[in-house]
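To start, the structure itself, in C-alpha cells.
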Amino acid sequence: MTGVLEFGELLARLMDRRALDATALPAVAGADPAELQAVLDGREPTGRLLRDLGPILGLHTADLFILAGQPVPDDLTPVTRNPNWSIRSVVYNTMGMPAENRTLLLDAIRAQPLLLREGRGGVDRPYHRYEPGFGAVLLTLTHNRNLTWLCTAQALHAVTGGRIYLSASTVGGVGRGTIEPTPELVAGFAGVLGLAAADLAVLGGIHLPDDLPPPHPRAADVAAVIWEARHLTTAQLSEVHLTSRHLTGR
C-alpha cells in the first residue's frame, strides 16, 4: 500500500510498542515461529495468522486485516449493509449523557441478541473507492464500522470535543488522498476507531507532537458504542436510539 508501512514492519513496531518478543510471541499466539518470522521479513500474512495476532496485539481482528491491506472476511464485517443504518444520533446522544449512563447504553447494545446477518455488512457505496494509501486505510477502518463520510465527520467532532469540524466531502478527501492527514486528524481518527493514536501514526509515518491535545474524556465510550453497534440490525439500532434518547434526558 502506498504511503503506509508494509505489514511486516508495522507488525514489528506494534510488537515493540507492546514489548512482545518475536521469539516468544508464536507460543502465545499459537502461530508457527517460521511463519511469523517470514511475515516480519516481508511475506504477506495468512488470514489465520491475523486472527491469531489480533487478540495478542489488543486490536480488533477486523482492523488487523485492514492494516495488512487484506479484505475483511465476511464474518468480521458489520451485520448489516442497509443504507439507512446510521449511528449519528446515537453518537450525539452518547456525548450528552453522564458516564454512568454511557455504561448503561453500552450494556443495552451488548444485550441485543445476535441475529442472522443481512449479507456482508458495512457501508459500501460507489464513492467509497480509494487508491491505496494511508487515507484510504483510515476510511476503510471507519466504513467497517458502518460509518459514512458524514457519520465519520460527526464522530470526529464528538471525540475531539469540537476541535475537529470537517465536512463530509473533506472526510472523503482524506480517503482519496487529496487531504493530508495532520497529526491532530490522525489522533481524531484514532479516537473514533478506539485505537491508540501512536499505533495509527506508525502506520502512516506520522509524528505525533508531545503537545497534541488529548482525546475528549468521553471518546473511549463513543468509540466503544460505534464498535459494539456493528452487530445491530436496522431495527435494533432504532431501539438503541430510543434508549440513548432516554439516557440523555431528551
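Scheme for the C-alpha cells: letters A, B, ... for chains in order shown; per-chain residue numbers from 1; ligand numbers from 1 in order shown.
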Using only C-alpha atoms, determine which residues lie at most 8 Å from Val171 (chain A), disregarding the query and same-chain residues fewer than 6 positions distant; provide the list as a list in words. Trp149, Leu150, Thr152 and Ala153 of chain A
Surrounding residues of region 220-231 of chain A excluding itself and chain neighbours under 4 positions, 7 Å, only C-alpha atoms, as an mmCIF file with all heavy atoms, in the first residue's frame:
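Wrote it out as out.cif, contents follow:
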data_model
loop_
_atom_site.group_PDB
_atom_site.id
_atom_site.type_symbol
_atom_site.label_atom_id
_atom_site.label_comp_id
_atom_site.auth_asym_id
_atom_site.auth_seq_id
_atom_site.Cartn_x
_atom_site.Cartn_y
_atom_site.Cartn_z
ATOM 1 N N PRO A 78 -19.655 -5.721 9.726
ATOM 2 C CA PRO A 78 -20.907 -5.451 10.442
ATOM 3 C C PRO A 78 -22.032 -6.353 9.959
ATOM 4 O O PRO A 78 -21.965 -6.928 8.865
ATOM 5 C CB PRO A 78 -21.193 -3.981 10.108
ATOM 6 C CG PRO A 78 -19.844 -3.396 9.824
ATOM 7 C CD PRO A 78 -19.083 -4.492 9.138
ATOM 8 N N VAL A 79 -23.071 -6.469 10.770
ATOM 9 C CA VAL A 79 -24.172 -7.382 10.467
ATOM 10 C C VAL A 79 -24.958 -6.933 9.242
ATOM 11 O O VAL A 79 -25.422 -7.758 8.452
ATOM 12 C CB VAL A 79 -25.102 -7.507 11.694
ATOM 13 C CG1 VAL A 79 -26.441 -8.122 11.306
ATOM 14 C CG2 VAL A 79 -24.437 -8.356 12.765
ATOM 15 N N VAL A 91 -24.482 8.523 18.580
ATOM 16 C CA VAL A 91 -23.207 9.142 18.966
ATOM 17 C C VAL A 91 -23.465 10.499 19.611
ATOM 18 O O VAL A 91 -22.896 10.843 20.655
ATOM 19 C CB VAL A 91 -22.280 9.290 17.744
ATOM 20 C CG1 VAL A 91 -21.091 10.197 18.069
ATOM 21 C CG2 VAL A 91 -21.771 7.932 17.291
ATOM 22 N N THR A 94 -24.791 9.977 23.015
ATOM 23 C CA THR A 94 -23.761 9.447 23.905
ATOM 24 C C THR A 94 -22.912 10.568 24.482
ATOM 25 O O THR A 94 -22.537 10.537 25.666
ATOM 26 C CB THR A 94 -22.859 8.449 23.153
ATOM 27 O OG1 THR A 94 -23.665 7.398 22.624
ATOM 28 C CG2 THR A 94 -21.810 7.853 24.072
ATOM 29 N N ARG A 102 -23.621 6.193 29.990
ATOM 30 C CA ARG A 102 -22.927 5.634 28.826
ATOM 31 C C ARG A 102 -22.648 4.152 29.049
ATOM 32 O O ARG A 102 -22.716 3.355 28.120
ATOM 33 C CB ARG A 102 -21.630 6.409 28.562
ATOM 34 C CG ARG A 102 -21.852 7.849 28.157
ATOM 35 C CD ARG A 102 -20.622 8.453 27.508
ATOM 36 N NE ARG A 102 -19.470 8.520 28.377
ATOM 37 C CZ ARG A 102 -19.208 9.513 29.215
ATOM 38 N NH1 ARG A 102 -20.064 10.523 29.321
ATOM 39 N NH2 ARG A 102 -18.116 9.523 29.952
ATOM 40 N N LEU A 106 -24.019 1.089 26.659
ATOM 41 C CA LEU A 106 -23.193 0.002 26.135
ATOM 42 C C LEU A 106 -23.758 -1.352 26.553
ATOM 43 O O LEU A 106 -23.780 -2.296 25.756
ATOM 44 C CB LEU A 106 -21.751 0.149 26.632
ATOM 45 C CG LEU A 106 -20.860 1.080 25.821
ATOM 46 C CD1 LEU A 106 -19.579 1.386 26.575
ATOM 47 C CD2 LEU A 106 -20.547 0.481 24.458
ATOM 48 N N ILE A 109 -26.673 -2.137 24.309
ATOM 49 C CA ILE A 109 -26.257 -2.560 22.968
ATOM 50 C C ILE A 109 -25.779 -4.011 22.999
ATOM 51 O O ILE A 109 -26.149 -4.830 22.154
ATOM 52 C CB ILE A 109 -25.150 -1.637 22.428
ATOM 53 C CG1 ILE A 109 -25.705 -0.227 22.184
ATOM 54 C CG2 ILE A 109 -24.558 -2.199 21.132
ATOM 55 C CD1 ILE A 109 -24.645 0.785 21.787
ATOM 56 N N ARG A 110 -24.955 -4.321 23.989
ATOM 57 C CA ARG A 110 -24.393 -5.672 24.076
ATOM 58 C C ARG A 110 -25.443 -6.710 24.424
ATOM 59 O O ARG A 110 -25.265 -7.901 24.152
ATOM 60 C CB ARG A 110 -23.270 -5.682 25.114
ATOM 61 C CG ARG A 110 -22.031 -4.908 24.659
ATOM 62 C CD ARG A 110 -21.083 -4.625 25.794
ATOM 63 N NE ARG A 110 -19.868 -3.946 25.321
ATOM 64 C CZ ARG A 110 -19.094 -3.173 26.079
ATOM 65 N NH1 ARG A 110 -19.405 -2.978 27.350
ATOM 66 N NH2 ARG A 110 -18.033 -2.589 25.559
ATOM 67 N N LEU A 114 -27.847 -11.532 18.969
ATOM 68 C CA LEU A 114 -27.148 -11.604 17.689
ATOM 69 C C LEU A 114 -28.052 -12.286 16.676
ATOM 70 O O LEU A 114 -28.371 -13.469 16.814
ATOM 71 C CB LEU A 114 -25.834 -12.373 17.844
ATOM 72 C CG LEU A 114 -24.789 -11.725 18.761
ATOM 73 C CD1 LEU A 114 -23.582 -12.656 18.924
ATOM 74 C CD2 LEU A 114 -24.342 -10.385 18.210
ATOM 75 N N ARG A 145 -16.965 0.100 10.278
ATOM 76 C CA ARG A 145 -17.768 0.388 11.465
ATOM 77 C C ARG A 145 -19.124 0.974 11.053
ATOM 78 O O ARG A 145 -19.825 1.578 11.860
ATOM 79 C CB ARG A 145 -17.026 1.362 12.386
ATOM 80 C CG ARG A 145 -15.891 0.694 13.170
ATOM 81 C CD ARG A 145 -14.902 1.718 13.682
ATOM 82 N NE ARG A 145 -13.917 1.131 14.586
ATOM 83 C CZ ARG A 145 -12.878 0.393 14.219
ATOM 84 N NH1 ARG A 145 -12.684 0.117 12.924
ATOM 85 N NH2 ARG A 145 -12.033 -0.088 15.104
ATOM 86 N N ASN A 146 -19.475 0.800 9.790
ATOM 87 C CA ASN A 146 -20.737 1.305 9.242
ATOM 88 C C ASN A 146 -20.798 2.824 9.256
ATOM 89 O O ASN A 146 -21.893 3.402 9.303
ATOM 90 C CB ASN A 146 -21.944 0.728 9.996
ATOM 91 C CG ASN A 146 -22.617 -0.394 9.233
ATOM 92 O OD1 ASN A 146 -22.384 -0.587 8.038
ATOM 93 N ND2 ASN A 146 -23.453 -1.151 9.904
ATOM 94 N N GLY A 191 -9.332 8.216 17.943
ATOM 95 C CA GLY A 191 -10.389 8.306 18.935
ATOM 96 C C GLY A 191 -11.683 7.695 18.455
ATOM 97 O O GLY A 191 -12.364 6.979 19.207
ATOM 98 N N VAL A 192 -12.042 7.938 17.213
ATOM 99 C CA VAL A 192 -13.257 7.364 16.638
ATOM 100 C C VAL A 192 -13.149 5.843 16.560
ATOM 101 O O VAL A 192 -14.113 5.114 16.838
ATOM 102 C CB VAL A 192 -13.522 7.944 15.234
ATOM 103 C CG1 VAL A 192 -14.655 7.188 14.534
ATOM 104 C CG2 VAL A 192 -13.852 9.427 15.326
ATOM 105 N N LEU A 193 -11.980 5.366 16.191
ATOM 106 C CA LEU A 193 -11.771 3.937 15.957
ATOM 107 C C LEU A 193 -11.479 3.163 17.230
ATOM 108 O O LEU A 193 -11.483 1.920 17.224
ATOM 109 C CB LEU A 193 -10.612 3.747 14.978
ATOM 110 C CG LEU A 193 -10.801 4.363 13.578
ATOM 111 C CD1 LEU A 193 -9.481 4.370 12.822
ATOM 112 C CD2 LEU A 193 -11.883 3.631 12.805
ATOM 113 N N GLY A 194 -11.195 3.860 18.319
ATOM 114 C CA GLY A 194 -10.840 3.167 19.547
ATOM 115 C C GLY A 194 -9.458 2.551 19.487
ATOM 116 O O GLY A 194 -9.192 1.533 20.136
#
Would you return as a PyMOL selection string the members of region 65-222 of chain A that DSSP assigns to alpha helix (DSSP H) on this structure's backbone? chain A and resi 65-67+88-95+99-110+134-143+149-159+168-176+183-193+197-204+219-222
Quick one: everything within 8 Å of region 211-216 of chain A, counting only C-alpha atoms, minus sequence neighbours fewer than 4 positions away in the same chain. Send it as a PyMOL selection string. chain A and resi 158-161+183-184+187-188+191
Would you save the residues from that selection as a PDB file, in the first residue's frame, using N, CA and C atoms?
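In the end it all went to out.pdb:
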ATOM      1  N   ALA A 158     -17.231  14.770  17.702  1.00  0.00           N
ATOM      2  CA  ALA A 158     -17.620  14.328  19.039  1.00  0.00           C
ATOM      3  C   ALA A 158     -16.421  13.942  19.891  1.00  0.00           C
ATOM      4  N   VAL A 159     -15.534  13.111  19.335  1.00  0.00           N
ATOM      5  CA  VAL A 159     -14.443  12.577  20.162  1.00  0.00           C
ATOM      6  C   VAL A 159     -13.341  13.599  20.422  1.00  0.00           C
ATOM      7  N   THR A 160     -13.325  14.685  19.658  1.00  0.00           N
ATOM      8  CA  THR A 160     -12.309  15.727  19.881  1.00  0.00           C
ATOM      9  C   THR A 160     -12.889  16.922  20.634  1.00  0.00           C
ATOM     10  N   GLY A 161     -14.109  16.792  21.116  1.00  0.00           N
ATOM     11  CA  GLY A 161     -14.717  17.897  21.843  1.00  0.00           C
ATOM     12  C   GLY A 161     -14.909  19.131  20.989  1.00  0.00           C
ATOM     13  N   PRO A 183      -1.283  15.391  12.223  1.00  0.00           N
ATOM     14  CA  PRO A 183      -1.205  14.631  13.481  1.00  0.00           C
ATOM     15  C   PRO A 183      -2.493  14.730  14.296  1.00  0.00           C
ATOM     16  N   GLU A 184      -3.097  15.917  14.368  1.00  0.00           N
ATOM     17  CA  GLU A 184      -4.331  16.062  15.126  1.00  0.00           C
ATOM     18  C   GLU A 184      -5.457  15.245  14.500  1.00  0.00           C
ATOM     19  N   ALA A 187      -4.947  11.581  15.298  1.00  0.00           N
ATOM     20  CA  ALA A 187      -5.365  11.322  16.679  1.00  0.00           C
ATOM     21  C   ALA A 187      -6.884  11.301  16.783  1.00  0.00           C
ATOM     22  N   GLY A 188      -7.554  12.169  16.008  1.00  0.00           N
ATOM     23  CA  GLY A 188      -9.020  12.165  15.996  1.00  0.00           C
ATOM     24  C   GLY A 188      -9.578  10.869  15.448  1.00  0.00           C
ATOM     25  N   GLY A 191      -9.332   8.216  17.943  1.00  0.00           N
ATOM     26  CA  GLY A 191     -10.389   8.306  18.935  1.00  0.00           C
ATOM     27  C   GLY A 191     -11.683   7.695  18.455  1.00  0.00           C
TER      28      GLY A 191
END
